[in-house]
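Structure file run_9.pdb; described as PDB, C-alpha atoms.
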ATOM      1  CA  MET O   1       0.513 -16.623   7.637
ATOM      2  CA  PHE O   2       2.527 -15.574   4.613
ATOM      3  CA  ALA O   3       6.264 -16.219   4.614
ATOM      4  CA  GLN O   4       8.247 -13.478   6.269
ATOM      5  CA  ARG O   5       8.891 -10.880   3.619
ATOM      6  CA  GLY O   6       8.784  -7.141   3.257
ATOM      7  CA  TYR O   7       5.541  -5.331   2.554
ATOM      8  CA  LEU O   8       4.626  -1.915   1.244
ATOM      9  CA  LEU O   9       1.208  -0.882   2.534
ATOM     10  CA  ASP O  10      -1.228   0.887   0.252
ATOM     11  CA  THR O  11      -3.009   3.936   1.613
ATOM     12  CA  ASN O  12      -6.196   1.982   2.336
ATOM     13  CA  ILE O  13      -4.360  -0.458   4.623
ATOM     14  CA  VAL O  14      -2.886   2.347   6.738
ATOM     15  CA  LEU O  15      -6.244   4.123   6.798
ATOM     16  CA  HIS O  16      -7.797   1.091   8.496
ATOM     17  CA  ALA O  17      -4.967   1.063  11.053
ATOM     18  CA  THR O  18      -5.934   4.566  12.208
ATOM     19  CA  ARG O  19      -9.350   3.324  13.315
ATOM     20  CA  GLU O  20      -9.865   2.260  16.918
ATOM     21  CA  ARG O  21     -10.247  -1.506  17.371
ATOM     22  CA  SER O  22     -10.183  -2.203  13.631
ATOM     23  CA  ASP O  23     -11.196  -5.794  12.864
ATOM     24  CA  PHE O  24      -9.666  -5.268   9.426
ATOM     25  CA  SER O  25      -6.267  -4.399  10.906
ATOM     26  CA  ALA O  26      -6.497  -7.334  13.323
ATOM     27  CA  ALA O  27      -7.074  -9.675  10.359
ATOM     28  CA  VAL O  28      -4.087  -8.188   8.518
ATOM     29  CA  GLU O  29      -1.898  -8.660  11.594
ATOM     30  CA  THR O  30      -3.045 -12.271  12.012
ATOM     31  CA  GLN O  31      -2.250 -13.101   8.390
ATOM     32  CA  PHE O  32       0.965 -11.148   7.890
ATOM     33  CA  GLY O  33       2.413 -10.598  11.372
ATOM     34  CA  LEU O  34       3.575  -7.098  10.476
ATOM     35  CA  SER O  35       4.244  -6.071  14.074
ATOM     36  CA  GLN O  36       6.367  -9.174  14.724
ATOM     37  CA  SER O  37       8.178  -9.257  11.398
ATOM     38  CA  ARG O  38      11.896  -8.664  11.149
ATOM     39  CA  PHE O  39      10.953  -6.299   8.295
ATOM     40  CA  ARG O  40       9.356  -2.965   9.147
ATOM     41  CA  PRO O  41       6.391  -2.256   6.886
ATOM     42  CA  ALA O  42       6.941   0.426   4.279
ATOM     43  CA  ILE O  43       4.764   3.061   2.670
ATOM     44  CA  CYS O  44       5.314   5.248  -0.355
ATOM     45  CA  GLU O  45       5.722   8.951   0.362
ATOM     46  CA  VAL O  46       2.630   9.532  -1.800
ATOM     47  CA  THR O  47       0.635   7.590   0.791
ATOM     48  CA  ILE O  48       1.614  10.124   3.452
ATOM     49  CA  ALA O  49       0.135  12.953   1.384
ATOM     50  CA  GLU O  50      -3.065  10.985   0.751
ATOM     51  CA  LEU O  51      -3.428  10.151   4.446
ATOM     52  CA  LYS O  52      -2.824  13.743   5.525
ATOM     53  CA  ALA O  53      -5.587  14.838   3.148
ATOM     54  CA  PHE O  54      -7.977  12.325   4.754
ATOM     55  CA  ALA O  55      -6.856  13.436   8.224
ATOM     56  CA  MET O  56      -7.965  17.021   7.620
ATOM     57  CA  GLY O  57     -11.447  15.964   8.730
ATOM     58  CA  TRP O  58     -10.386  13.854  11.718
ATOM     59  CA  GLY O  59     -10.169  14.576  15.407
ATOM     60  CA  GLU O  60      -6.875  15.184  17.165
ATOM     61  CA  ALA O  61      -6.573  11.659  18.624
ATOM     62  CA  ARG O  62      -6.866   9.964  15.248
ATOM     63  CA  ARG O  63      -4.437  12.424  13.637
ATOM     64  CA  GLN O  64      -1.911  11.659  16.379
ATOM     65  CA  LYS O  65      -2.405   7.931  15.842
ATOM     66  CA  LEU O  66      -1.695   8.447  12.136
ATOM     67  CA  LEU O  67       1.540  10.299  12.897
ATOM     68  CA  GLN O  68       2.588   7.506  15.260
ATOM     69  CA  ILE O  69       1.903   4.885  12.571
ATOM     70  CA  ILE O  70       3.869   6.829   9.954
ATOM     71  CA  THR O  71       6.915   7.071  12.240
ATOM     72  CA  GLN O  72       6.940   3.269  12.543
ATOM     73  CA  MET O  73       7.120   2.797   8.778
ATOM     74  CA  ILE O  74       9.932   2.919   6.278
ATOM     75  CA  VAL O  75       9.060   5.634   3.771
ATOM     76  CA  VAL O  76       9.976   4.879   0.164
ATOM     77  CA  GLN O  77      10.696   8.108  -1.665
ATOM     78  CA  ILE O  78       9.555   8.428  -5.254
ATOM     79  CA  SER O  79      12.965   9.940  -5.985
ATOM     80  CA  GLU O  80      14.602   6.552  -5.283
ATOM     81  CA  PRO O  81      16.601   5.346  -8.306
ATOM     82  CA  GLY O  82      14.384   3.513 -10.752
ATOM     83  CA  VAL O  83      11.001   4.627  -9.409
ATOM     84  CA  HIS O  84      10.442   7.269 -12.097
ATOM     85  CA  ASP O  85      11.352   4.801 -14.839
ATOM     86  CA  ARG O  86       9.079   2.099 -13.408
ATOM     87  CA  TRP O  87       6.261   4.651 -13.032
ATOM     88  CA  ALA O  88       6.556   5.543 -16.738
ATOM     89  CA  GLU O  89       6.643   1.878 -17.773
ATOM     90  CA  LEU O  90       3.725   0.887 -15.535
ATOM     91  CA  TYR O  91       1.617   3.877 -16.551
ATOM     92  CA  SER O  92       2.241   3.281 -20.271
ATOM     93  CA  HIS O  93       1.498  -0.445 -19.982
ATOM     94  CA  ALA O  94      -1.706   0.120 -17.991
ATOM     95  CA  ARG O  95      -2.894   2.820 -20.362
ATOM     96  CA  SER O  96      -2.282   0.639 -23.431
ATOM     97  CA  LYS O  97      -4.245  -2.225 -21.833
ATOM     98  CA  GLY O  98      -7.041  -0.009 -20.494
ATOM     99  CA  PHE O  99      -6.282  -0.918 -16.865
ATOM    100  CA  ALA O 100      -7.944   1.360 -14.309
ATOM    101  CA  ILE O 101      -4.689   2.080 -12.478
ATOM    102  CA  HIS O 102      -3.587   4.506 -15.200
ATOM    103  CA  GLN O 103      -6.384   6.850 -14.071
ATOM    104  CA  ASP O 104      -5.027   7.107 -10.521
ATOM    105  CA  LEU O 105      -1.500   8.451 -10.707
ATOM    106  CA  ASN O 106      -0.950   7.954  -6.973
ATOM    107  CA  ASP O 107      -1.570   4.216  -7.372
ATOM    108  CA  VAL O 108       0.979   4.136 -10.187
ATOM    109  CA  TRP O 109       3.548   5.777  -7.862
ATOM    110  CA  ILE O 110       2.731   3.312  -5.088
ATOM    111  CA  GLY O 111       3.002   0.342  -7.447
ATOM    112  CA  ALA O 112       6.284   1.590  -8.895
ATOM    113  CA  ALA O 113       7.722   2.191  -5.414
ATOM    114  CA  ALA O 114       6.754  -1.322  -4.291
ATOM    115  CA  HIS O 115       8.303  -2.914  -7.373
ATOM    116  CA  VAL O 116      11.576  -0.994  -7.271
ATOM    117  CA  SER O 117      11.900  -1.635  -3.520
ATOM    118  CA  GLY O 118      11.358  -5.362  -3.990
ATOM    119  CA  LEU O 119       8.405  -5.279  -1.609
ATOM    120  CA  THR O 120       5.029  -6.985  -1.841
ATOM    121  CA  LEU O 121       2.180  -4.484  -1.995
ATOM    122  CA  LEU O 122      -0.781  -5.038   0.329
ATOM    123  CA  SER O 123      -3.901  -3.306  -0.986
ATOM    124  CA  THR O 124      -7.688  -3.458  -1.048
ATOM    125  CA  ASP O 125      -7.809  -1.653  -4.390
ATOM    126  CA  ARG O 126      -8.980  -4.402  -6.736
ATOM    127  CA  ALA O 127      -9.779  -2.008  -9.584
ATOM    128  CA  ALA O 128      -6.219  -0.724  -9.687
ATOM    129  CA  PHE O 129      -4.181  -3.809  -8.880
ATOM    130  CA  LEU O 130      -6.135  -6.978  -9.765
ATOM    131  CA  PRO O 131      -5.181  -6.800 -13.478
ATOM    132  CA  LEU O 132      -1.512  -6.658 -12.420
ATOM    133  CA  ARG O 133      -1.617  -9.487  -9.882
ATOM    134  CA  GLY O 134       0.450 -12.477 -10.910
ATOM    135  CA  THR O 135       2.461 -10.479 -13.439
ATOM    136  CA  SER O 136       6.011  -9.203 -13.417
ATOM    137  CA  TRP O 137       4.711  -5.639 -13.104
ATOM    138  CA  ILE O 138       4.101  -5.800  -9.373
ATOM    139  CA  ASP O 139       3.921  -8.335  -6.541
ATOM    140  CA  VAL O 140       0.574  -7.571  -4.931
ATOM    141  CA  VAL O 141      -1.652  -9.260  -2.362
ATOM    142  CA  LEU O 142      -5.236  -8.043  -2.485
ATOM    143  CA  LEU O 143      -7.316  -7.938   0.665
ATOM    144  CA  ASP O 144     -11.077  -7.762   1.067
ATOM    145  CA  SER O 145     -11.917  -4.168   2.001
ATOM    146  CA  ARG O 146     -14.371  -5.250   4.723
ATOM    147  CA  THR O 147     -12.679  -8.251   6.319
ATOM    148  CA  GLY O 148      -8.981  -7.753   5.612
ATOM    149  CA  LEU O 149      -8.740 -11.344   4.393
ATOM    150  CA  VAL O 150      -6.735 -12.251   1.306
ATOM    151  CA  VAL O 151      -8.767 -12.252  -1.903
ATOM    152  CA  PRO O 152      -8.127 -15.513  -3.782
TER     153      PRO O 152
END
Output the file's structure as structure tokens, nothing else.
Amino acid sequence: MFAQRGYLLDTNIVLHATRERSDFSAAVETQFGLSQSRFRPAICEVTIAELKAFAMGWGEARRQKLLQIITQMIVVQISEPGVHDRWAELYSHARSKGFAIHQDLNDVWIGAAAHVSGLTLLSTDRAAFLPLRGTSWIDVVLLDSRTGLVVP
């Protein structure tokens, strides 16, 4: 298990948590101990909008589970001091390097929110975040989208 630290969950991680008996979510819990951590997991407010868009096609039980999950999270607002500046810096850097993240503005918001909050981002989005892993731009742990295991 990773050392106890704070995590910001990307939209795809929360999406898995809304599924009944998710092996992916069980693997995440085993590795990171989010439910037992002294730090509540966080999400960016942009993630809430993305999840609500997905939920439009869900049944009532799954929508209620999503709402329950959201209430257990700390929500990082994009209006937090520094997030707009970090968004602009991250977007400009990614665009100049040709990184895929610059094409998904929501991922830029999520990355900026994680960085400014001092949280480690958990994500399955390799296209967006792999080029930034191990840099000062963002602290990110990538997970396999099928198994939930850490991608080396």
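Every residue that the PyMOL selection byres ((chain O and resi 9-14) around 8) selects in this file is listed here: Tyr7, Leu8, Leu15, His16, Ala17, Thr18, Ser25, Pro41, Ala42, Ile43, Cys44, Thr47, Ile48, Glu50, Leu51, Ile69, Ile110, Leu121, Leu122, Ser123, Thr124 and Asp125 of chain O.
Shortest separation to Phe32 of chain O among O:Gln103, O:Thr135, O:Ser145, O:Thr120 occurs at residue O:Thr120, atoms counted being all atoms listed in the file.
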Interatomic distance (Å, one decimal) between atom CA of Arg126 of chain O and atom CA of Thr71 of chain O: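 Taking atom CA of Arg126 of chain O as the start and atom CA of Thr71 of chain O as the end point, the length is 27.3 Å.
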Selected residue of minimal separation from Ser92 of chain O among O:Glu20, O:Ala55, O:Trp137, O:Leu66, counting only C-alpha atoms: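 Nearest candidate to Ser92 of chain O out of O:Glu20, O:Ala55, O:Trp137, O:Leu66: O:Trp137.
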Which of O:Ala26, O:Val46, O:Met56, O:Ala94 sits closest to Ser79 of chain O [using all atoms listed in the file]: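 Answer, going by the shortest atom-to-atom distance: O:Val46.
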Using only C-alpha atoms: which of O:Ala61, O:Ile138, O:Ala112, O:Leu149 has the shortest distance to Val83 of chain O: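 Closest to Val83 of chain O, using only C-alpha atoms: O:Ala112.
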Picked residues, the PyMOL selection byres ((chain O and resi 84) around 12), expected as JSON, numbers by chain: {"O": [77, 78, 79, 80, 81, 82, 83, 85, 86, 87, 88, 89, 90, 91, 108, 109, 110, 111, 112, 113, 115, 116]}
Can those selected residues be exported to a file as a PDB file, keeping the file's coordinate frame so that it contains C-alpha atoms?
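Written out: out.pdb:
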ATOM      1  CA  GLN O  77      10.696   8.108  -1.665  1.00  0.00           C
ATOM      2  CA  ILE O  78       9.555   8.428  -5.254  1.00  0.00           C
ATOM      3  CA  SER O  79      12.965   9.940  -5.985  1.00  0.00           C
ATOM      4  CA  GLU O  80      14.602   6.552  -5.283  1.00  0.00           C
ATOM      5  CA  PRO O  81      16.601   5.346  -8.306  1.00  0.00           C
ATOM      6  CA  GLY O  82      14.384   3.513 -10.752  1.00  0.00           C
ATOM      7  CA  VAL O  83      11.001   4.627  -9.409  1.00  0.00           C
ATOM      8  CA  ASP O  85      11.352   4.801 -14.839  1.00  0.00           C
ATOM      9  CA  ARG O  86       9.079   2.099 -13.408  1.00  0.00           C
ATOM     10  CA  TRP O  87       6.261   4.651 -13.032  1.00  0.00           C
ATOM     11  CA  ALA O  88       6.556   5.543 -16.738  1.00  0.00           C
ATOM     12  CA  GLU O  89       6.643   1.878 -17.773  1.00  0.00           C
ATOM     13  CA  LEU O  90       3.725   0.887 -15.535  1.00  0.00           C
ATOM     14  CA  TYR O  91       1.617   3.877 -16.551  1.00  0.00           C
ATOM     15  CA  VAL O 108       0.979   4.136 -10.187  1.00  0.00           C
ATOM     16  CA  TRP O 109       3.548   5.777  -7.862  1.00  0.00           C
ATOM     17  CA  ILE O 110       2.731   3.312  -5.088  1.00  0.00           C
ATOM     18  CA  GLY O 111       3.002   0.342  -7.447  1.00  0.00           C
ATOM     19  CA  ALA O 112       6.284   1.590  -8.895  1.00  0.00           C
ATOM     20  CA  ALA O 113       7.722   2.191  -5.414  1.00  0.00           C
ATOM     21  CA  HIS O 115       8.303  -2.914  -7.373  1.00  0.00           C
ATOM     22  CA  VAL O 116      11.576  -0.994  -7.271  1.00  0.00           C
TER      23      VAL O 116
END
Atom CA of Ser22 of chain O to atom CA of Arg5 of chain O, straight-line distance in Å: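 Taking atom CA of Arg5 of chain O and atom CA of Ser22 of chain O, their separation equals 23.2 Å.
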Selected residue, from O:Leu119, O:Arg146, O:Pro152, O:Pro131, that lies nearest to Ala100 of chain O when counting all atoms listed in the file: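 Ranked by minimum distance to Ala100 of chain O, first place goes to O:Pro131.
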Computed interatomic separation between atom CA of Thr30 of chain O and atom CA of Val150 of chain O (Å):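 Between atom CA of Thr30 of chain O and atom CA of Val150 of chain O the gap works out to 11.3 Å.
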Rebuild segment 61-77 of chain O to N, CA and C atoms - output it as a PDB file, in the coordinates of the input, please.
ATOM      1  N   ALA O  61      -7.077  12.975  18.207  1.00  0.00           N
ATOM      2  CA  ALA O  61      -6.573  11.659  18.624  1.00  0.00           C
ATOM      3  C   ALA O  61      -6.245  10.784  17.413  1.00  0.00           C
ATOM      4  N   ARG O  62      -7.115  10.792  16.434  1.00  0.00           N
ATOM      5  CA  ARG O  62      -6.866   9.964  15.248  1.00  0.00           C
ATOM      6  C   ARG O  62      -5.707  10.520  14.422  1.00  0.00           C
ATOM      7  N   ARG O  63      -5.578  11.836  14.361  1.00  0.00           N
ATOM      8  CA  ARG O  63      -4.437  12.424  13.637  1.00  0.00           C
ATOM      9  C   ARG O  63      -3.124  12.051  14.321  1.00  0.00           C
ATOM     10  N   GLN O  64      -3.116  12.052  15.647  1.00  0.00           N
ATOM     11  CA  GLN O  64      -1.911  11.659  16.379  1.00  0.00           C
ATOM     12  C   GLN O  64      -1.585  10.182  16.154  1.00  0.00           C
ATOM     13  N   LYS O  65      -2.626   9.355  16.110  1.00  0.00           N
ATOM     14  CA  LYS O  65      -2.405   7.931  15.842  1.00  0.00           C
ATOM     15  C   LYS O  65      -1.788   7.747  14.454  1.00  0.00           C
ATOM     16  N   LEU O  66      -2.264   8.512  13.485  1.00  0.00           N
ATOM     17  CA  LEU O  66      -1.695   8.447  12.136  1.00  0.00           C
ATOM     18  C   LEU O  66      -0.216   8.809  12.157  1.00  0.00           C
ATOM     19  N   LEU O  67       0.129   9.889  12.828  1.00  0.00           N
ATOM     20  CA  LEU O  67       1.540  10.299  12.897  1.00  0.00           C
ATOM     21  C   LEU O  67       2.397   9.221  13.550  1.00  0.00           C
ATOM     22  N   GLN O  68       1.863   8.592  14.587  1.00  0.00           N
ATOM     23  CA  GLN O  68       2.588   7.506  15.260  1.00  0.00           C
ATOM     24  C   GLN O  68       2.809   6.333  14.294  1.00  0.00           C
ATOM     25  N   ILE O  69       1.789   5.983  13.535  1.00  0.00           N
ATOM     26  CA  ILE O  69       1.903   4.885  12.571  1.00  0.00           C
ATOM     27  C   ILE O  69       2.959   5.213  11.520  1.00  0.00           C
ATOM     28  N   ILE O  70       2.914   6.433  10.999  1.00  0.00           N
ATOM     29  CA  ILE O  70       3.869   6.829   9.954  1.00  0.00           C
ATOM     30  C   ILE O  70       5.304   6.727  10.457  1.00  0.00           C
ATOM     31  N   THR O  71       5.545   7.118  11.711  1.00  0.00           N
ATOM     32  CA  THR O  71       6.915   7.071  12.240  1.00  0.00           C
ATOM     33  C   THR O  71       7.430   5.640  12.392  1.00  0.00           C
ATOM     34  N   GLN O  72       6.538   4.671  12.421  1.00  0.00           N
ATOM     35  CA  GLN O  72       6.940   3.269  12.543  1.00  0.00           C
ATOM     36  C   GLN O  72       7.230   2.618  11.193  1.00  0.00           C
ATOM     37  N   MET O  73       6.972   3.341  10.124  1.00  0.00           N
ATOM     38  CA  MET O  73       7.120   2.797   8.778  1.00  0.00           C
ATOM     39  C   MET O  73       8.422   3.260   8.126  1.00  0.00           C
ATOM     40  N   ILE O  74       8.880   2.475   7.188  1.00  0.00           N
ATOM     41  CA  ILE O  74       9.932   2.919   6.278  1.00  0.00           C
ATOM     42  C   ILE O  74       9.222   3.662   5.156  1.00  0.00           C
ATOM     43  N   VAL O  75       9.692   4.842   4.826  1.00  0.00           N
ATOM     44  CA  VAL O  75       9.060   5.634   3.771  1.00  0.00           C
ATOM     45  C   VAL O  75       9.906   5.526   2.503  1.00  0.00           C
ATOM     46  N   VAL O  76       9.303   4.995   1.455  1.00  0.00           N
ATOM     47  CA  VAL O  76       9.976   4.879   0.164  1.00  0.00           C
ATOM     48  C   VAL O  76       9.718   6.170  -0.606  1.00  0.00           C
ATOM     49  N   GLN O  77      10.788   6.845  -0.929  1.00  0.00           N
ATOM     50  CA  GLN O  77      10.696   8.108  -1.665  1.00  0.00           C
ATOM     51  C   GLN O  77      10.519   7.824  -3.153  1.00  0.00           C
TER      52      GLN O  77
END
